[in-house]
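Engineer: One file: run-v4.pdb (PDB, C-alpha atoms).
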```
MODEL        1
ATOM      1  CA  MET S   1     -15.257  -1.011   8.493
ATOM      2  CA  ARG S   2     -19.045  -1.493   8.256
ATOM      3  CA  MET S   3     -19.151   0.431   4.977
ATOM      4  CA  PRO S   4     -21.943  -0.533   2.568
ATOM      5  CA  HIS S   5     -21.141  -3.247   0.047
ATOM      6  CA  VAL S   6     -21.602  -2.016  -3.523
ATOM      7  CA  PRO S   7     -20.366  -4.128  -6.464
ATOM      8  CA  LEU S   8     -18.228  -2.156  -8.900
ATOM      9  CA  GLU S   9     -20.726  -2.503 -11.740
ATOM     10  CA  GLU S  10     -23.347  -0.796  -9.542
ATOM     11  CA  ALA S  11     -21.015   1.823  -8.062
ATOM     12  CA  GLU S  12     -22.134   5.347  -8.936
ATOM     13  CA  GLY S  13     -21.120   8.470  -7.056
ATOM     14  CA  ILE S  14     -18.585   6.585  -4.943
ATOM     15  CA  ASP S  15     -15.531   8.640  -3.893
ATOM     16  CA  ILE S  16     -13.394   5.938  -2.295
ATOM     17  CA  GLY S  17     -13.685   2.217  -2.937
ATOM     18  CA  LEU S  18     -12.347  -0.375  -0.498
ATOM     19  CA  VAL S  19     -11.188  -3.383  -2.521
ATOM     20  CA  GLY S  20      -9.754  -6.763  -1.628
ATOM     21  CA  ILE S  21      -7.099  -8.327  -3.868
ATOM     22  CA  PRO S  22      -7.023 -11.981  -2.715
ATOM     23  CA  TRP S  23      -3.903 -12.987  -4.628
ATOM     24  CA  ASP S  24      -0.336 -13.912  -3.721
ATOM     25  CA  GLY S  25       1.008 -15.274  -7.000
ATOM     26  CA  GLY S  26       4.059 -13.037  -6.727
ATOM     27  CA  THR S  27       5.218 -14.429  -3.381
ATOM     28  CA  THR S  28       8.758 -15.801  -3.331
ATOM     29  CA  ASN S  29       8.877 -17.416   0.099
ATOM     30  CA  ARG S  30       6.010 -17.713   2.616
ATOM     31  CA  PRO S  31       2.610 -17.605   0.874
ATOM     32  CA  GLY S  32      -0.721 -16.672   2.411
ATOM     33  CA  PRO S  33      -1.608 -13.004   1.643
ATOM     34  CA  ARG S  34      -4.404 -14.207  -0.659
ATOM     35  CA  HIS S  35      -6.352 -14.822   2.552
ATOM     36  CA  ALA S  36      -5.773 -11.305   3.917
ATOM     37  CA  PRO S  37      -8.851  -9.461   2.570
ATOM     38  CA  ARG S  38     -11.164 -11.888   4.342
ATOM     39  CA  GLN S  39      -9.396 -11.643   7.699
ATOM     40  CA  MET S  40      -8.870  -7.891   7.396
ATOM     41  CA  ARG S  41     -12.595  -7.366   6.740
ATOM     42  CA  ASP S  42     -13.329  -9.455   9.823
ATOM     43  CA  MET S  43     -10.958  -7.444  12.015
ATOM     44  CA  SER S  44     -12.191  -4.156  10.542
ATOM     45  CA  SER S  45     -15.420  -4.526  12.512
ATOM     46  CA  MET S  46     -13.307  -3.257  15.452
ATOM     47  CA  VAL S  47     -12.689   0.081  13.691
ATOM     48  CA  ARG S  48     -14.973   2.817  15.001
ATOM     49  CA  PRO S  49     -16.179   5.655  12.733
ATOM     50  CA  MET S  50     -14.130   8.561  14.147
ATOM     51  CA  HIS S  51     -10.346   9.027  14.110
ATOM     52  CA  GLN S  52      -9.034   9.522  17.627
ATOM     53  CA  THR S  53      -6.809  12.564  16.993
ATOM     54  CA  MET S  54      -7.965  13.943  13.634
ATOM     55  CA  HIS S  55     -11.605  13.754  14.775
ATOM     56  CA  THR S  56     -12.446  12.897  11.186
ATOM     57  CA  VAL S  57     -15.393  10.635  10.382
ATOM     58  CA  PRO S  58     -14.506   9.643   6.811
ATOM     59  CA  SER S  59     -17.944   8.237   5.984
ATOM     60  CA  GLU S  60     -19.534  11.618   6.786
ATOM     61  CA  ILE S  61     -17.372  13.643   4.398
ATOM     62  CA  ALA S  62     -16.894  11.170   1.516
ATOM     63  CA  ASN S  63     -19.001   8.493  -0.137
ATOM     64  CA  ILE S  64     -17.184   5.261   0.733
ATOM     65  CA  ALA S  65     -18.120   1.692  -0.153
ATOM     66  CA  ASP S  66     -16.652  -1.784   0.088
ATOM     67  CA  LEU S  67     -16.577  -2.899  -3.537
ATOM     68  CA  GLY S  68     -15.749  -6.487  -2.640
ATOM     69  CA  ASP S  69     -12.818  -8.419  -4.115
ATOM     70  CA  CYS S  70     -11.456  -7.886  -7.612
ATOM     71  CA  PRO S  71     -11.119 -10.920  -9.912
ATOM     72  CA  VAL S  72      -7.803 -12.799  -9.855
ATOM     73  CA  ASN S  73      -6.296 -15.968 -11.295
ATOM     74  CA  PRO S  74      -4.281 -18.015  -8.780
ATOM     75  CA  ALA S  75      -2.929 -20.266 -11.534
ATOM     76  CA  ASP S  76      -1.414 -17.672 -13.885
ATOM     77  CA  VAL S  77       0.596 -14.598 -12.863
ATOM     78  CA  ASN S  78       0.238 -12.689 -16.139
ATOM     79  CA  ASP S  79      -3.482 -13.336 -16.420
ATOM     80  CA  ALA S  80      -3.985 -12.302 -12.797
ATOM     81  CA  LEU S  81      -2.111  -9.044 -13.368
ATOM     82  CA  LYS S  82      -4.295  -8.304 -16.393
ATOM     83  CA  ARG S  83      -7.510  -9.076 -14.493
ATOM     84  CA  VAL S  84      -6.539  -6.769 -11.630
ATOM     85  CA  GLU S  85      -5.456  -4.000 -14.028
ATOM     86  CA  THR S  86      -8.721  -4.239 -15.990
ATOM     87  CA  TYR S  87     -10.773  -4.077 -12.787
ATOM     88  CA  PHE S  88      -8.951  -1.039 -11.432
ATOM     89  CA  LYS S  89      -9.056   0.790 -14.752
ATOM     90  CA  ALA S  90     -12.853   0.409 -14.674
ATOM     91  CA  LEU S  91     -12.841   1.653 -11.082
ATOM     92  CA  VAL S  92     -10.700   4.696 -11.909
ATOM     93  CA  ALA S  93     -12.886   5.453 -14.955
ATOM     94  CA  LYS S  94     -15.808   5.863 -12.546
ATOM     95  CA  GLY S  95     -13.862   8.500 -10.610
ATOM     96  CA  ILE S  96     -13.302   6.215  -7.618
ATOM     97  CA  ARG S  97     -10.096   6.358  -5.574
ATOM     98  CA  PRO S  98      -9.041   2.810  -4.614
ATOM     99  CA  LEU S  99      -7.918   1.778  -1.138
ATOM    100  CA  SER S 100      -6.927  -1.863  -1.434
ATOM    101  CA  ALA S 101      -6.177  -4.753   0.897
ATOM    102  CA  GLY S 102      -3.693  -7.159  -0.686
ATOM    103  CA  GLY S 103      -2.480  -9.663  -1.485
ATOM    104  CA  ASP S 104       1.270  -9.630  -1.938
ATOM    105  CA  HIS S 105       3.100  -6.519  -3.079
ATOM    106  CA  LEU S 106       2.967  -7.407  -6.758
ATOM    107  CA  CYS S 107      -0.707  -6.396  -6.484
ATOM    108  CA  SER S 108       0.421  -2.764  -6.457
ATOM    109  CA  LEU S 109       1.708  -2.934 -10.042
ATOM    110  CA  PRO S 110      -1.631  -3.380 -11.847
ATOM    111  CA  VAL S 111      -3.232  -0.775  -9.571
ATOM    112  CA  LEU S 112      -0.488   1.693 -10.469
ATOM    113  CA  ARG S 113      -1.074   0.892 -14.141
ATOM    114  CA  ALA S 114      -4.642   2.060 -13.593
ATOM    115  CA  VAL S 115      -4.096   5.182 -11.478
ATOM    116  CA  GLY S 116      -0.936   6.193 -13.362
ATOM    117  CA  GLY S 117      -2.203   5.335 -16.823
ATOM    118  CA  THR S 118      -2.647   8.953 -17.902
ATOM    119  CA  ALA S 119       0.414  10.406 -16.180
ATOM    120  CA  PRO S 120       2.948   8.918 -13.738
ATOM    121  CA  VAL S 121       2.108   9.328 -10.054
ATOM    122  CA  GLY S 122       4.293   9.919  -7.036
ATOM    123  CA  MET S 123       4.435   7.444  -4.182
ATOM    124  CA  ILE S 124       5.078   7.245  -0.454
ATOM    125  CA  HIS S 125       6.115   3.643   0.164
ATOM    126  CA  PHE S 126       6.412   2.155   3.657
ATOM    127  CA  ASP S 127       8.335  -1.124   3.575
ATOM    128  CA  ALA S 128      11.303  -3.105   4.856
ATOM    129  CA  HIS S 129      12.249  -3.812   1.230
ATOM    130  CA  THR S 130      12.690  -1.661  -1.878
ATOM    131  CA  ASP S 131      10.747  -3.994  -4.202
ATOM    132  CA  LEU S 132      12.988  -2.592  -6.933
ATOM    133  CA  TYR S 133      14.647  -5.873  -7.884
ATOM    134  CA  ASP S 134      14.946  -6.656 -11.573
ATOM    135  CA  GLY S 135      14.140 -10.368 -11.360
ATOM    136  CA  TYR S 136      14.094 -13.578  -9.369
ATOM    137  CA  PHE S 137      14.730 -17.229 -10.156
ATOM    138  CA  GLY S 138      16.566 -16.875 -13.428
ATOM    139  CA  GLY S 139      15.268 -13.435 -14.312
ATOM    140  CA  PHE S 140      11.521 -13.848 -13.701
ATOM    141  CA  LYS S 141      10.249 -10.273 -13.844
ATOM    142  CA  TYR S 142       6.985 -10.368 -11.882
ATOM    143  CA  THR S 143       7.279 -11.080  -8.154
ATOM    144  CA  HIS S 144       6.473  -9.176  -4.986
ATOM    145  CA  GLY S 145      10.082  -7.935  -5.043
ATOM    146  CA  THR S 146       9.844  -6.281  -8.478
ATOM    147  CA  PRO S 147       6.609  -4.211  -8.738
ATOM    148  CA  PHE S 148       8.055  -0.727  -8.452
ATOM    149  CA  ARG S 149      10.918  -1.410 -10.860
ATOM    150  CA  ARG S 150       8.338  -2.471 -13.431
ATOM    151  CA  ALA S 151       6.119   0.521 -12.595
ATOM    152  CA  ILE S 152       8.990   2.963 -13.133
ATOM    153  CA  GLU S 153      10.040   1.211 -16.362
ATOM    154  CA  GLU S 154       6.456   1.366 -17.640
ATOM    155  CA  GLY S 155       6.164   5.066 -16.897
ATOM    156  CA  VAL S 156       3.272   4.833 -14.420
ATOM    157  CA  LEU S 157       5.407   5.727 -11.372
ATOM    158  CA  ASP S 158       7.601   8.845 -11.209
ATOM    159  CA  PRO S 159      10.842   7.850  -9.439
ATOM    160  CA  LYS S 160      11.744  11.447  -8.615
ATOM    161  CA  ARG S 161       8.454  11.770  -6.721
ATOM    162  CA  THR S 162       8.902   8.482  -4.873
ATOM    163  CA  ILE S 163      10.155   7.927  -1.335
ATOM    164  CA  GLN S 164      10.634   4.582   0.431
ATOM    165  CA  ILE S 165      10.650   4.555   4.234
ATOM    166  CA  GLY S 166      11.880   1.858   6.657
ATOM    167  CA  LEU S 167      14.280  -0.176   4.488
ATOM    168  CA  ARG S 168      16.210  -2.804   6.406
ATOM    169  CA  GLY S 169      17.141  -6.472   6.672
ATOM    170  CA  SER S 170      19.676  -8.794   5.084
ATOM    171  CA  MET S 171      20.156  -8.461   1.352
ATOM    172  CA  TYR S 172      21.114 -10.392  -1.783
ATOM    173  CA  ASP S 173      23.272  -7.491  -3.013
ATOM    174  CA  LEU S 174      23.072  -3.712  -3.511
ATOM    175  CA  GLU S 175      21.689  -3.760  -7.058
ATOM    176  CA  ASP S 176      18.162  -2.664  -6.124
ATOM    177  CA  PHE S 177      19.472   0.256  -4.059
ATOM    178  CA  ALA S 178      21.895   1.311  -6.772
ATOM    179  CA  TRP S 179      19.178   1.233  -9.435
ATOM    180  CA  GLY S 180      16.693   3.140  -7.276
ATOM    181  CA  GLU S 181      19.222   5.832  -6.431
ATOM    182  CA  LYS S 182      20.162   6.152 -10.107
ATOM    183  CA  MET S 183      16.485   6.661 -10.979
ATOM    184  CA  GLY S 184      16.115   9.335  -8.306
ATOM    185  CA  VAL S 185      14.097   7.400  -5.714
ATOM    186  CA  ARG S 186      14.568   8.733  -2.164
ATOM    187  CA  MET S 187      15.459   5.687  -0.078
ATOM    188  CA  VAL S 188      15.255   5.947   3.704
ATOM    189  CA  ARG S 189      16.786   3.159   5.756
ATOM    190  CA  ILE S 190      15.307   2.371   9.161
ATOM    191  CA  GLU S 191      18.347   3.846  10.921
ATOM    192  CA  GLU S 192      17.819   7.250   9.319
ATOM    193  CA  ALA S 193      14.071   7.155   9.873
ATOM    194  CA  LEU S 194      14.409   6.403  13.585
ATOM    195  CA  GLU S 195      17.180   8.951  14.066
ATOM    196  CA  LYS S 196      15.169  11.762  12.461
ATOM    197  CA  GLY S 197      11.765  10.750  13.791
ATOM    198  CA  PRO S 198       8.308  10.467  12.178
ATOM    199  CA  LYS S 199       7.579  14.177  11.674
ATOM    200  CA  ALA S 200      10.914  14.992  10.046
ATOM    201  CA  ILE S 201      10.813  11.994   7.729
ATOM    202  CA  MET S 202       7.255  12.746   6.693
ATOM    203  CA  ALA S 203       8.067  16.410   6.135
ATOM    204  CA  GLU S 204      10.614  15.212   3.595
ATOM    205  CA  ALA S 205       8.113  12.731   2.128
ATOM    206  CA  ARG S 206       5.607  15.535   1.628
ATOM    207  CA  ALA S 207       8.275  17.617  -0.106
ATOM    208  CA  VAL S 208       9.198  14.703  -2.391
ATOM    209  CA  VAL S 209       5.652  14.052  -3.638
ATOM    210  CA  GLY S 210       4.524  17.694  -3.561
ATOM    211  CA  GLU S 211       0.973  18.569  -4.529
ATOM    212  CA  GLY S 212       0.662  16.119  -7.417
ATOM    213  CA  PRO S 213      -1.285  12.839  -7.502
ATOM    214  CA  THR S 214       0.255  10.467  -4.966
ATOM    215  CA  TYR S 215      -0.094   6.763  -4.256
ATOM    216  CA  VAL S 216       0.519   5.339  -0.773
ATOM    217  CA  SER S 217       1.696   1.756  -0.421
ATOM    218  CA  PHE S 218       2.034   0.226   3.044
ATOM    219  CA  ASP S 219       3.693  -3.185   3.352
ATOM    220  CA  ILE S 220       2.852  -4.636   6.751
ATOM    221  CA  ASP S 221       6.457  -5.830   7.116
ATOM    222  CA  MET S 222       7.496  -2.209   7.696
ATOM    223  CA  LEU S 223       6.288  -2.987  11.216
ATOM    224  CA  ASP S 224       8.517  -4.998  13.508
ATOM    225  CA  PRO S 225       7.345  -8.640  13.548
ATOM    226  CA  ALA S 226       6.683  -8.235  17.272
ATOM    227  CA  TYR S 227       3.672  -6.174  16.165
ATOM    228  CA  ALA S 228       2.913  -7.926  12.868
ATOM    229  CA  PRO S 229       4.192 -11.522  12.790
ATOM    230  CA  GLY S 230       1.801 -12.586  10.039
ATOM    231  CA  THR S 231       3.732 -11.643   6.922
ATOM    232  CA  GLY S 232       5.744 -13.406   4.266
ATOM    233  CA  THR S 233       9.132 -11.727   4.747
ATOM    234  CA  PRO S 234       9.419 -10.467   8.339
ATOM    235  CA  GLU S 235      12.409  -8.287   9.236
ATOM    236  CA  ILE S 236      13.264  -7.538  12.855
ATOM    237  CA  GLY S 237      14.157  -4.020  13.936
ATOM    238  CA  GLY S 238      11.112  -2.335  12.446
ATOM    239  CA  PHE S 239       8.664   0.359  13.456
ATOM    240  CA  THR S 240       6.105   0.078  16.211
ATOM    241  CA  THR S 241       2.451   0.342  15.279
ATOM    242  CA  PHE S 242       2.291   3.775  16.908
ATOM    243  CA  GLN S 243       5.283   5.079  14.955
ATOM    244  CA  ALA S 244       3.543   3.912  11.791
ATOM    245  CA  GLN S 245       0.365   5.710  12.817
ATOM    246  CA  GLN S 246       2.345   8.882  13.523
ATOM    247  CA  MET S 247       3.753   8.816  10.005
ATOM    248  CA  LEU S 248       0.442   8.048   8.320
ATOM    249  CA  ARG S 249      -1.206  10.961  10.119
ATOM    250  CA  GLU S 250       1.251  13.255   8.344
ATOM    251  CA  LEU S 251      -0.444  12.374   5.033
ATOM    252  CA  ARG S 252      -3.128  14.979   5.726
ATOM    253  CA  GLY S 253      -3.519  17.461   2.889
ATOM    254  CA  LEU S 254      -1.804  15.343   0.239
ATOM    255  CA  ASN S 255      -3.523  14.448  -3.035
ATOM    256  CA  ILE S 256      -3.821  10.693  -2.398
ATOM    257  CA  ILE S 257      -5.414   9.167  -5.487
ATOM    258  CA  GLY S 258      -4.996   5.566  -4.343
ATOM    259  CA  ALA S 259      -3.428   3.406  -1.656
ATOM    260  CA  ASP S 260      -2.950  -0.141  -0.473
ATOM    261  CA  VAL S 261      -1.971  -2.219   2.550
ATOM    262  CA  VAL S 262      -0.324  -5.466   1.510
ATOM    263  CA  GLU S 263       1.490  -8.620   2.649
ATOM    264  CA  VAL S 264      -0.733  -9.522   5.611
ATOM    265  CA  SER S 265      -0.531 -13.328   5.741
ATOM    266  CA  PRO S 266      -3.198 -14.867   8.012
ATOM    267  CA  PRO S 267      -1.708 -18.413   8.013
ATOM    268  CA  PHE S 268       1.268 -17.036   9.950
ATOM    269  CA  ASP S 269      -0.899 -15.191  12.482
ATOM    270  CA  PRO S 270      -4.236 -16.899  13.153
ATOM    271  CA  THR S 271      -4.794 -14.527  16.102
ATOM    272  CA  GLY S 272      -5.634 -11.746  13.643
ATOM    273  CA  VAL S 273      -3.309  -9.231  15.338
ATOM    274  CA  THR S 274      -1.448  -8.561  12.083
ATOM    275  CA  ALA S 275      -4.690  -8.158  10.138
ATOM    276  CA  HIS S 276      -5.986  -5.790  12.807
ATOM    277  CA  ALA S 277      -2.817  -3.708  12.512
ATOM    278  CA  GLY S 278      -3.165  -3.710   8.733
ATOM    279  CA  VAL S 279      -6.770  -2.600   8.622
ATOM    280  CA  THR S 280      -6.077   0.065  11.250
ATOM    281  CA  MET S 281      -3.396   1.463   8.942
ATOM    282  CA  MET S 282      -6.000   1.426   6.159
ATOM    283  CA  PHE S 283      -8.273   3.531   8.364
ATOM    284  CA  GLU S 284      -5.443   6.009   9.012
ATOM    285  CA  ILE S 285      -4.961   6.394   5.240
ATOM    286  CA  LEU S 286      -8.708   6.498   4.598
ATOM    287  CA  CYS S 287      -9.157   9.527   6.856
ATOM    288  CA  SER S 288      -6.652  11.592   4.860
ATOM    289  CA  MET S 289      -8.115  10.394   1.556
ATOM    290  CA  ALA S 290     -11.621  11.366   2.685
ATOM    291  CA  GLU S 291     -10.465  14.811   3.808
ATOM    292  CA  ASP S 292      -8.887  15.402   0.405
ATOM    293  CA  VAL S 293     -12.082  14.312  -1.365
ATOM    294  CA  ALA S 294     -14.099  16.731   0.752
ATOM    295  CA  LYS S 295     -11.634  19.590   0.176
ATOM    296  CA  ARG S 296     -11.723  19.174  -3.604
ATOM    297  CA  ARG S 297     -15.516  19.020  -3.627
ATOM    298  CA  ARG S 298     -15.799  22.516  -2.132
TER     299      ARG S 298
ENDMDL
END
```
Can you dump the structure from the file as structure tokens?
Structural biologist:
Amino acid sequence: MRMPHVPLEEAEGIDIGLVGIPWDGGTTNRPGPRHAPRQMRDMSSMVRPMHQTMHTVPSEIANIADLGDCPVNPADVNDALKRVETYFKALVAKGIRPLSAGGDHLCSLPVLRAVGGTAPVGMIHFDAHTDLYDGYFGGFKYTHGTPFRRAIEEGVLDPKRTIQIGLRGSMYDLEDFAWGEKMGVRMVRIEEALEKGPKAIMAEARAVVGEGPTYVSFDIDMLDPAYAPGTGTPEIGGFTTFQAQQMLRELRGLNIIGADVVEVSPPFDPTGVTAHAGVTMMFEILCSMAEDVAKRRR
């Protein structure tokens, strides 16, 4: 987004840090999100400074920098998770709110360990999938389908302040839904979301997370693959890009202490349309984050 590049070790006085997480070691089917930060940065040059309806210029009201990519390990899942967690804990210790470009959705877990390390955070989660599975492939616990189950188990994510919007697609079974409902997660299937409309669903989302610290996680597969074909697990019957923008604009006024956009997979969309959609959603989130920074500075 033409923000200045400042390495984390030199970052002082930064309010919001844009970070790439070039890692897809949690992918279970179509890989490629490790390449997303590069393509999303490229497409972000199309993002102009001012939001079209909010009239917010985030760089004028908050100190924002591109911190580059955090360190990862493509050969070892556990080591990669530790590297990402260590990086984001250092970022949070500097008082920086992260806005990340993944990477697959397992990237959210180490970020949540950082932002929710002191007390569990709430979350507004846009996705076709719950990512609340217990395990894959004989019980393997760390994949892009398990991050929020682990985050709840570890006490960094408050299930009663968590809402998931846009769930759809064929399923293995109902175990992830049953577990999420038992924990108190508000789970909104696509049918309910479309029937009620963006404003009503987001009014409920705002009530769920309240005024406490909130994380926003946006999986690009919440969009219909007609709008975002470049993703690992596409599910037809999703939201349009405009419906997604309508919902993200209802984040205004929330205490967003971190966010991510994940699962953009450039190998499946060399045109860059999916990456452009992804980084535009980042800008939507960034505007609300910047407004909150400015409000709390007063």
Engineer: Please write the residues picked by the PyMOL selection byres ((chain S and resi 17-26) around 7) on this file as a ChimeraX atom specification.
Structural biologist: /S:14-16,27-28,31-37,64-70,72,74,77,96-104,106,142-144
Engineer: Rank S:Gly155, S:Gly180, S:Gly210, S:Pro225 by their smallest atom-to-atom distance to S:Leu254, using all atoms listed in the file, and report the top residue only.
Structural biologist: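 For S:Leu254, the nearest of the candidates is S:Gly210.
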Engineer: Please, what distance in Å, to one decimal, runs between atom CA of S:Ile124 and atom CA of S:Asp79?
Structural biologist: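 Pair atom CA of S:Ile124 / atom CA of S:Asp79 returns 27.4 Å.
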Engineer: Expand the PyMOL selection byres ((chain S and resi 259) around 8) into the individual residues it matches in the shown file, reporting them as a PyMOL selection string.
Structural biologist: chain S and resi 98-100+215-218+256-258+260-261+285
Engineer: Using only C-alpha atoms, find all polymer residues with an atom at most 12 Å away from the point (6.1, 3.3, 17.3); report them as a list in words.
Structural biologist: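 Selection result: Ala193, Leu194, Gly197, Pro198, Met222, Leu223, Asp224, Ala226, Tyr227, Gly237, Gly238, Phe239, Thr240, Thr241, Phe242, Gln243, Ala244, Gln245, Gln246, Met247 and Leu248 of chain S.
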Engineer: Considering all atoms listed in the file, can you say which of S:Pro267, S:Tyr136, S:Arg113, S:Ser170 comes closest to S:Arg150?
Structural biologist: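 Distance minimum relative to S:Arg150 lands on S:Arg113.
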Engineer: Put a box with edges along x, y and z around all the listed atoms of stretch 55-68 of chain S, pad it by 4 Å on each side, then give me its centre and sizes in Å, one decimal, as JSON.
Structural biologist:
```
{"center_x": -15.6, "center_y": 3.6, "center_z": 5.6, "size_x": 15.9, "size_y": 28.2, "size_z": 26.3}
```
Engineer: Restricting the calculation to all atoms listed in the file, which member of S:Gly184, S:Gln52, S:Phe177, S:Met171 is positioned closest to S:Asp158?
Structural biologist: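 Between S:Gly184, S:Gln52, S:Phe177, S:Met171, the residue approaching S:Asp158 most closely is S:Gly184.
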Engineer: Which distance in Å separates atom CA of S:Thr231 and atom CA of S:Leu8, to one decimal?
Structural biologist: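 A separation of 28.7 Å between them.
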Engineer: One decimal, in Å: what's the spacing between atom CA of S:Val273 and atom CA of S:Leu286?
Structural biologist: 19.8 Å
Engineer: Find, counting only C-alpha atoms, the residue in S:Ala62, S:Thr271, S:Asn78, S:Asp292 that gets nearest to S:Phe140.
Structural biologist: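 Under the stated criterion, the closest residue is S:Asn78.
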Engineer: When you count all atoms listed in the file, which of these residues is closest to S:Val264: S:Ile236, S:Ile190, S:Ala228, S:Met289?
Structural biologist: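 Result for the nearest residue to S:Val264: S:Ala228.
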Engineer: May I ask which of the residues S:Leu174, S:Cys287, S:Ile163, S:Val6 is the closest one to S:Val188, counting all atoms listed in the file?
Structural biologist: S:Ile163
Engineer: Could you state which residues are captured by the PyMOL selection byres ((chain S and resi 277) around 9) in this file, as a list in words?
Structural biologist: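 Evaluating the PyMOL selection byres ((chain S and resi 277) around 9) on these coordinates yields Met40, Met43, Ile220, Tyr227, Ala228, Thr241, Gly272, Val273, Thr274, Ala275, His276, Gly278, Val279, Thr280, Met281 and Met282 of chain S.
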Engineer: Residues at most 7 Å from S:Tyr133, counting all atoms listed in the file, excluding those fewer than 2 positions away in the same chain, as a PyMOL selection string?
Structural biologist: chain S and resi 131+135+145-146+149+176
